[in-house]
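Enquirer: Structure file entry18.tsv, TSV, C-alpha atoms and all ligand atoms, is pasted below:
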```tsv
chain	number	residue	atom	x	y	z
S	9	MET	CA	-52.48	3.16	-17.01
S	10	SER	CA	-53.32	3.77	-13.38
S	11	HIS	CA	-51.44	6.42	-11.49
S	12	ARG	CA	-49.74	3.75	-9.45
S	13	LEU	CA	-48.55	1.93	-12.54
S	14	ALA	CA	-47.56	5.17	-14.19
S	15	LEU	CA	-45.48	6.14	-11.21
S	16	ALA	CA	-43.84	2.74	-11.07
S	17	ALA	CA	-42.92	2.98	-14.75
S	18	LEU	CA	-41.70	6.50	-14.31
S	19	LEU	CA	-39.55	5.59	-11.35
S	20	ALA	CA	-38.08	2.60	-13.14
S	21	LEU	CA	-37.06	4.79	-16.04
S	22	ALA	CA	-35.52	7.40	-13.84
S	23	LEU	CA	-33.48	5.12	-11.65
S	24	PRO	CA	-29.74	5.31	-12.12
S	25	THR	CA	-28.60	1.92	-13.31
S	26	ALA	CA	-25.17	2.56	-11.85
S	27	LEU	CA	-26.71	2.04	-8.45
S	28	ALA	CA	-27.77	-1.51	-9.09
S	29	GLN	CA	-26.22	-3.63	-6.43
S	30	SER	CA	-22.91	-4.98	-7.52
S	31	THR	CA	-22.73	-8.70	-8.08
S	32	ALA	CA	-18.96	-8.62	-8.34
S	33	ALA	CA	-18.23	-8.24	-4.66
S	34	PRO	CA	-19.98	-10.92	-2.65
S	35	ALA	CA	-19.97	-10.38	1.07
S	36	PRO	CA	-18.33	-13.05	3.17
S	37	SER	CA	-20.72	-15.70	4.41
S	38	ALA	CA	-20.21	-18.02	7.31
S	39	ALA	CA	-21.50	-21.05	5.46
S	40	ALA	CA	-21.60	-22.11	1.84
S	41	ALA	CA	-25.29	-21.32	1.54
S	42	PRO	CA	-26.86	-22.34	-1.77
S	43	ALA	CA	-28.91	-19.15	-1.86
S	44	ALA	CA	-27.67	-16.09	-3.67
S	45	VAL	CA	-24.65	-14.64	-1.93
S	46	PRO	CA	-25.38	-11.13	-0.66
S	47	ALA	CA	-23.56	-8.42	-2.51
S	48	ALA	CA	-22.12	-5.49	-0.66
S	49	PHE	CA	-22.98	-1.91	-1.48
S	50	THR	CA	-19.88	0.04	-2.34
S	51	LEU	CA	-18.79	3.66	-2.43
S	52	ALA	CA	-18.09	4.73	-6.00
S	53	PRO	CA	-15.29	7.24	-6.55
S	54	LEU	CA	-16.36	10.81	-7.15
S	55	PRO	CA	-16.89	11.45	-10.87
S	56	TYR	CA	-14.36	14.33	-10.63
S	57	PRO	CA	-11.42	15.31	-8.39
S	58	HIS	CA	-12.12	16.61	-4.89
S	59	ASP	CA	-11.12	20.12	-5.91
S	60	ALA	CA	-13.23	20.18	-9.09
S	61	LEU	CA	-16.10	22.10	-7.52
S	62	GLU	CA	-13.92	24.91	-6.12
S	63	PRO	CA	-14.65	27.68	-5.36
S	64	VAL	CA	-18.33	26.83	-4.88
S	65	ILE	CA	-17.66	23.77	-2.71
S	66	ASP	CA	-14.22	23.56	-1.14
S	67	THR	CA	-11.90	20.59	-1.40
S	68	ARG	CA	-11.93	19.75	2.30
S	69	THR	CA	-15.72	19.61	2.39
S	70	MET	CA	-15.72	17.23	-0.57
S	71	GLN	CA	-13.09	15.00	1.04
S	72	ILE	CA	-15.04	14.71	4.29
S	73	HIS	CA	-18.47	14.58	2.67
S	74	HIS	CA	-17.60	11.78	0.26
S	75	GLY	CA	-14.86	9.95	2.13
S	76	LYS	CA	-16.35	10.07	5.62
S	77	HIS	CA	-20.08	10.81	5.49
S	78	HIS	CA	-21.00	8.89	2.34
S	79	GLN	CA	-18.65	6.04	3.28
S	80	ALA	CA	-20.38	5.77	6.64
S	81	TYR	CA	-23.80	5.50	4.99
S	82	VAL	CA	-22.50	2.68	2.80
S	83	ASP	CA	-20.88	0.84	5.71
S	84	ASN	CA	-23.91	1.19	7.95
S	85	LEU	CA	-26.26	0.15	5.16
S	86	ASN	CA	-24.22	-3.00	4.62
S	87	ARG	CA	-24.44	-3.79	8.33
S	88	ALA	CA	-28.19	-3.23	8.39
S	89	VAL	CA	-28.81	-5.38	5.32
S	90	ALA	CA	-26.52	-8.14	6.58
S	91	ALA	CA	-28.56	-8.25	9.78
S	92	ASP	CA	-31.78	-9.07	7.91
S	93	PRO	CA	-31.61	-12.06	5.53
S	94	SER	CA	-34.84	-11.00	3.82
S	95	LEU	CA	-33.06	-7.95	2.44
S	96	ARG	CA	-30.16	-9.78	0.83
S	97	GLY	CA	-29.77	-9.28	-2.88
S	98	LEU	CA	-32.21	-6.38	-3.06
S	99	THR	CA	-31.15	-3.37	-5.04
S	100	LEU	CA	-31.08	0.06	-3.49
S	101	GLU	CA	-34.13	0.96	-5.57
S	102	ALA	CA	-36.03	-2.07	-4.28
S	103	LEU	CA	-35.24	-1.00	-0.73
S	104	MET	CA	-36.56	2.52	-1.44
S	105	ALA	CA	-39.81	1.13	-2.80
S	106	ARG	CA	-40.58	-0.77	0.43
S	107	MET	CA	-38.94	1.58	2.91
S	108	SER	CA	-42.09	1.93	5.02
S	109	THR	CA	-41.59	-1.68	6.13
S	110	LEU	CA	-37.87	-1.48	6.87
S	111	PRO	CA	-35.82	-0.52	9.93
S	112	ALA	CA	-34.67	3.05	10.49
S	113	ALA	CA	-31.05	2.02	9.85
S	114	VAL	CA	-31.96	1.00	6.30
S	115	ARG	CA	-34.01	4.15	5.77
S	116	ASN	CA	-31.29	6.49	7.01
S	117	ASN	CA	-28.31	4.77	5.44
S	118	GLY	CA	-29.97	3.47	2.29
S	119	GLY	CA	-31.31	6.94	1.68
S	120	GLY	CA	-27.93	8.42	2.52
S	121	HIS	CA	-26.20	6.16	0.00
S	122	TRP	CA	-28.70	6.77	-2.82
S	123	ASN	CA	-28.95	10.51	-2.20
S	124	HIS	CA	-25.23	11.14	-2.21
S	125	ASP	CA	-24.53	9.07	-5.30
S	126	PHE	CA	-27.27	11.04	-7.05
S	127	PHE	CA	-25.91	14.33	-5.67
S	128	TRP	CA	-22.33	13.77	-6.88
S	129	ARG	CA	-23.59	12.99	-10.38
S	130	THR	CA	-25.82	16.08	-10.42
S	131	MET	CA	-22.77	18.35	-10.27
S	132	THR	CA	-19.89	19.28	-12.51
S	133	ARG	CA	-17.17	21.93	-12.57
S	134	PRO	CA	-18.45	25.49	-12.09
S	135	GLY	CA	-19.82	26.93	-15.29
S	136	GLN	CA	-19.57	23.60	-17.17
S	137	GLY	CA	-23.15	22.46	-16.59
S	138	GLY	CA	-24.74	24.03	-19.65
S	139	ALA	CA	-28.46	24.78	-19.72
S	140	PRO	CA	-31.68	22.78	-19.49
S	141	SER	CA	-32.74	20.99	-22.67
S	142	ALA	CA	-35.52	22.60	-24.69
S	143	ALA	CA	-38.02	20.09	-23.30
S	144	LEU	CA	-36.97	20.63	-19.70
S	145	ALA	CA	-36.82	24.40	-20.12
S	146	ALA	CA	-40.38	24.34	-21.49
S	147	ALA	CA	-41.56	22.24	-18.55
S	148	ILE	CA	-39.87	24.60	-16.07
S	149	ASP	CA	-41.57	27.57	-17.72
S	150	ARG	CA	-44.91	25.74	-17.73
S	151	ASP	CA	-44.78	24.67	-14.08
S	152	PHE	CA	-42.84	27.51	-12.41
S	153	GLY	CA	-43.12	30.47	-14.78
S	154	SER	CA	-39.39	30.79	-15.53
S	155	LEU	CA	-36.02	29.32	-14.63
S	156	ASP	CA	-35.40	32.17	-12.20
S	157	LYS	CA	-38.74	31.59	-10.48
S	158	PHE	CA	-37.93	27.89	-10.24
S	159	LYS	CA	-34.57	28.66	-8.63
S	160	ALA	CA	-36.20	31.03	-6.15
S	161	ALA	CA	-38.79	28.43	-5.16
S	162	PHE	CA	-36.09	25.77	-4.84
S	163	LYS	CA	-34.11	28.06	-2.56
S	164	THR	CA	-37.18	28.57	-0.42
S	165	ALA	CA	-37.55	24.79	-0.10
S	166	GLY	CA	-33.88	24.44	0.85
S	167	THR	CA	-33.76	27.25	3.36
S	168	GLY	CA	-37.16	26.26	4.74
S	169	ARG	CA	-36.10	22.72	5.59
S	170	PHE	CA	-35.60	22.91	9.35
S	171	GLY	CA	-32.58	20.93	10.44
S	172	SER	CA	-31.09	18.43	8.02
S	173	GLY	CA	-32.51	17.25	4.75
S	174	TRP	CA	-32.75	17.75	1.02
S	175	ALA	CA	-34.49	19.90	-1.55
S	176	TRP	CA	-35.59	18.14	-4.75
S	177	LEU	CA	-36.94	18.75	-8.22
S	178	ILE	CA	-39.08	15.79	-9.22
S	179	VAL	CA	-41.41	14.66	-11.95
S	180	GLY	CA	-44.63	13.62	-10.29
S	181	ALA	CA	-46.96	10.85	-11.40
S	182	ASP	CA	-48.92	13.39	-13.44
S	183	GLY	CA	-45.80	14.30	-15.42
S	184	ARG	CA	-45.52	17.77	-13.94
S	185	LEU	CA	-42.46	19.19	-12.24
S	186	GLN	CA	-42.62	19.69	-8.52
S	187	ILE	CA	-40.26	21.04	-5.84
S	188	THR	CA	-40.20	19.02	-2.66
S	189	SER	CA	-38.16	18.75	0.51
S	190	THR	CA	-37.43	15.73	2.67
S	191	PRO	CA	-35.99	15.47	6.18
S	192	ASN	CA	-32.84	13.56	7.08
S	193	GLN	CA	-31.94	11.15	4.26
S	194	ASP	CA	-35.44	10.50	2.96
S	195	ASN	CA	-35.93	10.90	-0.78
S	196	PRO	CA	-38.77	11.02	-3.34
S	197	LEU	CA	-38.32	7.35	-4.27
S	198	MET	CA	-39.28	6.11	-0.81
S	199	ASP	CA	-42.80	4.75	-0.47
S	200	LEU	CA	-43.20	6.57	2.83
S	201	VAL	CA	-42.79	10.14	1.58
S	202	ALA	CA	-45.84	12.27	0.86
S	203	GLU	CA	-44.57	13.56	-2.49
S	204	ARG	CA	-43.15	10.72	-4.57
S	205	GLY	CA	-41.69	11.07	-8.01
S	206	ALA	CA	-38.66	10.74	-10.20
S	207	PRO	CA	-35.85	12.97	-8.89
S	208	LEU	CA	-34.23	15.25	-11.45
S	209	LEU	CA	-31.94	17.11	-9.08
S	210	GLY	CA	-31.43	17.34	-5.36
S	211	ASN	CA	-29.38	19.54	-3.09
S	212	ASP	CA	-28.00	18.41	0.24
S	213	VAL	CA	-28.81	21.01	2.91
S	214	TRP	CA	-27.23	19.16	5.81
S	215	GLU	CA	-24.70	21.45	7.46
S	216	HIS	CA	-21.94	18.96	6.61
S	217	ALA	CA	-22.49	19.87	2.95
S	218	TYR	CA	-21.57	23.53	3.33
S	219	TYR	CA	-20.59	24.52	6.86
S	220	LEU	CA	-16.80	24.81	6.47
S	221	GLN	CA	-17.23	27.40	3.76
S	222	TYR	CA	-20.62	28.97	4.33
S	223	GLN	CA	-21.19	28.44	8.07
S	224	ASN	CA	-24.77	29.47	8.82
S	225	ARG	CA	-25.37	30.99	5.38
S	226	ARG	CA	-27.36	28.15	3.81
S	227	GLY	CA	-29.02	30.56	1.40
S	228	ASP	CA	-25.65	31.63	-0.01
S	229	TYR	CA	-24.74	27.98	-0.54
S	230	LEU	CA	-28.04	27.35	-2.32
S	231	ASP	CA	-27.47	30.37	-4.56
S	232	ALA	CA	-23.89	29.41	-5.44
S	233	TRP	CA	-24.80	25.76	-6.04
S	234	TRP	CA	-26.50	26.54	-9.37
S	235	GLN	CA	-23.02	27.10	-10.83
S	236	LEU	CA	-22.41	23.37	-10.36
S	237	VAL	CA	-25.63	21.83	-11.64
S	238	ASP	CA	-25.00	19.63	-14.66
S	239	TRP	CA	-28.05	20.41	-16.75
S	240	SER	CA	-27.18	17.78	-19.34
S	241	VAL	CA	-27.54	15.11	-16.65
S	242	VAL	CA	-30.71	16.70	-15.29
S	243	SER	CA	-32.16	16.94	-18.79
S	244	GLN	CA	-31.38	13.28	-19.47
S	245	ARG	CA	-33.18	12.35	-16.26
S	246	TYR	CA	-36.16	14.42	-17.36
S	247	ALA	CA	-36.24	12.71	-20.75
S	248	ALA	CA	-36.12	9.28	-19.10
S	249	ALA	CA	-38.81	10.20	-16.60
S	250	THR	CA	-41.21	11.46	-19.24
S	251	ALA	CA	-40.53	8.94	-22.02
S	252	GLY	CA	-43.81	7.47	-23.20
S	253	LYS	CA	-45.81	9.80	-20.98
S	254	ARG	CA	-47.02	12.09	-23.76
S	255	GLY	CA	-49.51	11.50	-26.51
D	1	MN	MN	-24.52	14.89	2.81
```
Please, can you express the file's structure as structure tokens?
Ligand code: MN
Expert:
Amino acid sequence: MSHRLALAALLALALPTALAQSTAAPAPSAAAAPAAVPAAFTLAPLPYPHDALEPVIDTRTMQIHHGKHHQAYVDNLNRAVAADPSLRGLTLEALMARMSTLPAAVRNNGGGHWNHDFFWRTMTRPGQGGAPSAALAAAIDRDFGSLDKFKAAFKTAGTGRFGSGWAWLIVGADGRLQITSTPNQDNPLMDLVAERGAPLLGNDVWEHAYYLQYQNRRGDYLDAWWQLVDWSVVSQRYAAATAGKRG
């Protein structure tokens, strides 16, 4: 299998099926076109109450982050897709895979929608996230030396991102774990990023993610955030991303 094919297979396995574009909510169309009716992207409810991540992330931040910021990405993505008939019916994952050819509004808002949905599902109540699976723990040890060294390197990526963006843990095309960082709402699924791969976890280092509680102390937010990481979810993503890659 070529690297390109391997990456495509890896990405397909890692993609969250919950993000497939809904077919249940067709957008209004001016005419009764025979072609497939475009489906709107929608904001899913948080998988937990707004106060579930206290005291690591405060309730007000969650309300604004999900209800205002994420909602705006969804709304603006729907506008951008509606403006270009060639994009109708494409899943979010299909948009990511051809992002280098798409307008900035799709890149910023499509990325914003995917990233935040992924982010919400990466977290759980403080202390409830368990530990990495044996397979993931072994890979972390192999590629970073230890879980603590991985966390330190991830923090460096998060604090080192100038301005707004994300820090990621991905599985690269070679099957190895890698820490990356992207600006704005770019993510490792986009064909235009230098370091592509299957995301296992990602932390939002935009100020809107932490400013009410942590102000300028991004490093403190990155440290505290580990209390929220749902390692069962991350481990499942790792298993999906590496299925069939060994042997
Ligand atoms: Mn955000």
Enquirer: Show me, as a list of chain:residue names, the residues that have an atom within 7 Å of segment 175-185 of chain S when counting all atoms listed in the file, minus same-chain residues fewer than 5 positions from it.
Expert: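 Near segment 175-185 of chain S, the qualifying residues are S:His11, S:Ala14, S:Leu15, S:Asp151, S:Phe162, S:Ala165, S:Gly166, S:Thr190, S:Arg204, S:Gly205, S:Ala206, S:Pro207, S:Leu208, S:Leu209, S:Gly210, S:Asn211, S:Asp212, S:Ala249, S:Thr250.
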Enquirer: For ligand MN 1 (chain D), which residue among S:Ser94, S:Gln244, S:Gln193, S:Gln136 is the nearest when counting all atoms listed in the file?
Expert: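 Once distances to ligand MN 1 (chain D) are computed over all atoms listed in the file, the minimum belongs to S:Gln193.
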Enquirer: Find the residues near ligand MN 1 (chain D). Use a cut-off of 7 Å, count only C-alpha atoms and all ligand atoms, and write them as a ChimeraX atom specification.
Expert: /S:73,77-78,124,212,214,216-217
Enquirer: Rounded to one decimal place, report the atom CA of Ser172 of chain S-atom CA of Glu215 of chain S distance in Å.
Expert: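 Rounded to one decimal, the two atoms are 7.1 Å apart.
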Enquirer: Would you mind telling me which residue in S:Pro63, S:Pro111, S:Gly75, S:Gly97 lies nearest to Ala48 of chain S when using all atoms listed in the file?
Expert: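 Using all atoms listed in the file, Ala48 of chain S sits closest to S:Gly97.
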Enquirer: Just want the 10 Å neighbourhood of Lys163 of chain S, counted on all atoms listed in the file, with same-chain residues fewer than 3 positions away dropped. Output as a PyMOL selection string.
Expert: chain S and resi 157-160+166-169+175+187+211+226-231
Enquirer: In Å, rounded to a single decimal, give me how far atom CA of Asp125 of chain S is from atom CA of Ala52 of chain S.
Expert: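 Separation of atom CA of Ala52 of chain S and atom CA of Asp125 of chain S: 7.8 Å.
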Enquirer: List the neighbours of His121 of chain S out to 10 Å using all atoms listed in the file; skip same-chain residues closer than 6 positions along the sequence, and give me the result as JSON, numbers by chain.
Expert: {"S": [27, 49, 50, 51, 77, 78, 79, 80, 81, 82, 83, 84, 85, 100, 114, 115, 127, 193]}
Enquirer: Using C-alpha atoms, can you export the residues from the last selection as a short mmCIF file (atom, residue, chain, number, x, y, z; two decimals), in the frame of the given file?
Expert:
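Saved the output as out_5.cif:
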```cif
data_model
loop_
_atom_site.label_atom_id
_atom_site.label_comp_id
_atom_site.auth_asym_id
_atom_site.auth_seq_id
_atom_site.Cartn_x
_atom_site.Cartn_y
_atom_site.Cartn_z
CA LEU S 27 -26.71 2.04 -8.45
CA PHE S 49 -22.98 -1.91 -1.48
CA THR S 50 -19.88 0.04 -2.34
CA LEU S 51 -18.79 3.66 -2.43
CA HIS S 77 -20.08 10.81 5.49
CA HIS S 78 -21.00 8.89 2.34
CA GLN S 79 -18.65 6.04 3.28
CA ALA S 80 -20.38 5.77 6.64
CA TYR S 81 -23.80 5.50 4.99
CA VAL S 82 -22.50 2.68 2.80
CA ASP S 83 -20.88 0.84 5.71
CA ASN S 84 -23.91 1.19 7.95
CA LEU S 85 -26.26 0.15 5.16
CA LEU S 100 -31.08 0.06 -3.49
CA VAL S 114 -31.96 1.00 6.30
CA ARG S 115 -34.01 4.15 5.77
CA PHE S 127 -25.91 14.33 -5.67
CA GLN S 193 -31.94 11.15 4.26
#
```
Enquirer: Report, in Å to a single decimal, how far apart atom CA of Gly119 of chain S and atom CA of Asn192 of chain S are.
Expert: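 Separation between atom CA of Asn192 of chain S and atom CA of Gly119 of chain S: 8.7 Å.
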Enquirer: Name all residues at most 10 Å from Ala147 of chain S (count all atoms listed in the file; drop same-chain ones fewer than 5 positions away) and give them as an mmCIF file with C-alpha atoms, keeping the file's coordinate frame.
Expert:
```
data_model
loop_
_atom_site.group_PDB
_atom_site.id
_atom_site.type_symbol
_atom_site.label_atom_id
_atom_site.label_comp_id
_atom_site.auth_asym_id
_atom_site.auth_seq_id
_atom_site.Cartn_x
_atom_site.Cartn_y
_atom_site.Cartn_z
ATOM 1 C CA PRO S 140 -31.680 22.780 -19.490
ATOM 2 C CA SER S 141 -32.740 20.990 -22.670
ATOM 3 C CA ALA S 142 -35.520 22.600 -24.690
ATOM 4 C CA PHE S 152 -42.840 27.510 -12.410
ATOM 5 C CA GLY S 153 -43.120 30.470 -14.780
ATOM 6 C CA SER S 154 -39.390 30.790 -15.530
ATOM 7 C CA LEU S 155 -36.020 29.320 -14.630
ATOM 8 C CA GLY S 183 -45.800 14.300 -15.420
ATOM 9 C CA ARG S 184 -45.520 17.770 -13.940
ATOM 10 C CA LEU S 185 -42.460 19.190 -12.240
ATOM 11 C CA TYR S 246 -36.160 14.420 -17.360
#
```
Enquirer: Restricting the calculation to all atoms listed in the file, which member of S:Gln223, S:Trp234, S:Gly120, S:Asp59 is positioned closest to Asp156 of chain S?
Expert: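 Among S:Gln223, S:Trp234, S:Gly120, S:Asp59, it is S:Trp234 that comes nearest to Asp156 of chain S.
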Enquirer: Find the residue from S:Val237, S:Ala113, S:Met107, S:Ala60 that sits nearest to Ala90 of chain S; use only C-alpha atoms when measuring.
Expert: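 For Ala90 of chain S, the nearest of the given residues is S:Ala113.
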Enquirer: Would you pick out the contacts of Pro134 of chain S at 7 Å or less, using all atoms listed in the file, so that residues sharing its chain but fewer than 4 positions from it are not included, and give the list as a PyMOL selection string?
Expert: chain S and resi 61+235-236
Enquirer: Point out the residue among S:Val213, S:Leu95, S:Met131, S:Leu110 with the least atom-to-atom distance to Gly173 of chain S, counting only C-alpha atoms.
Expert: S:Val213
Enquirer: Taking only C-alpha atoms into account, name the residue in S:Leu220, S:Ile148, S:Val242, S:Leu197 that is nearest to Thr69 of chain S.
Expert: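 Closest to Thr69 of chain S, using only C-alpha atoms: S:Leu220.
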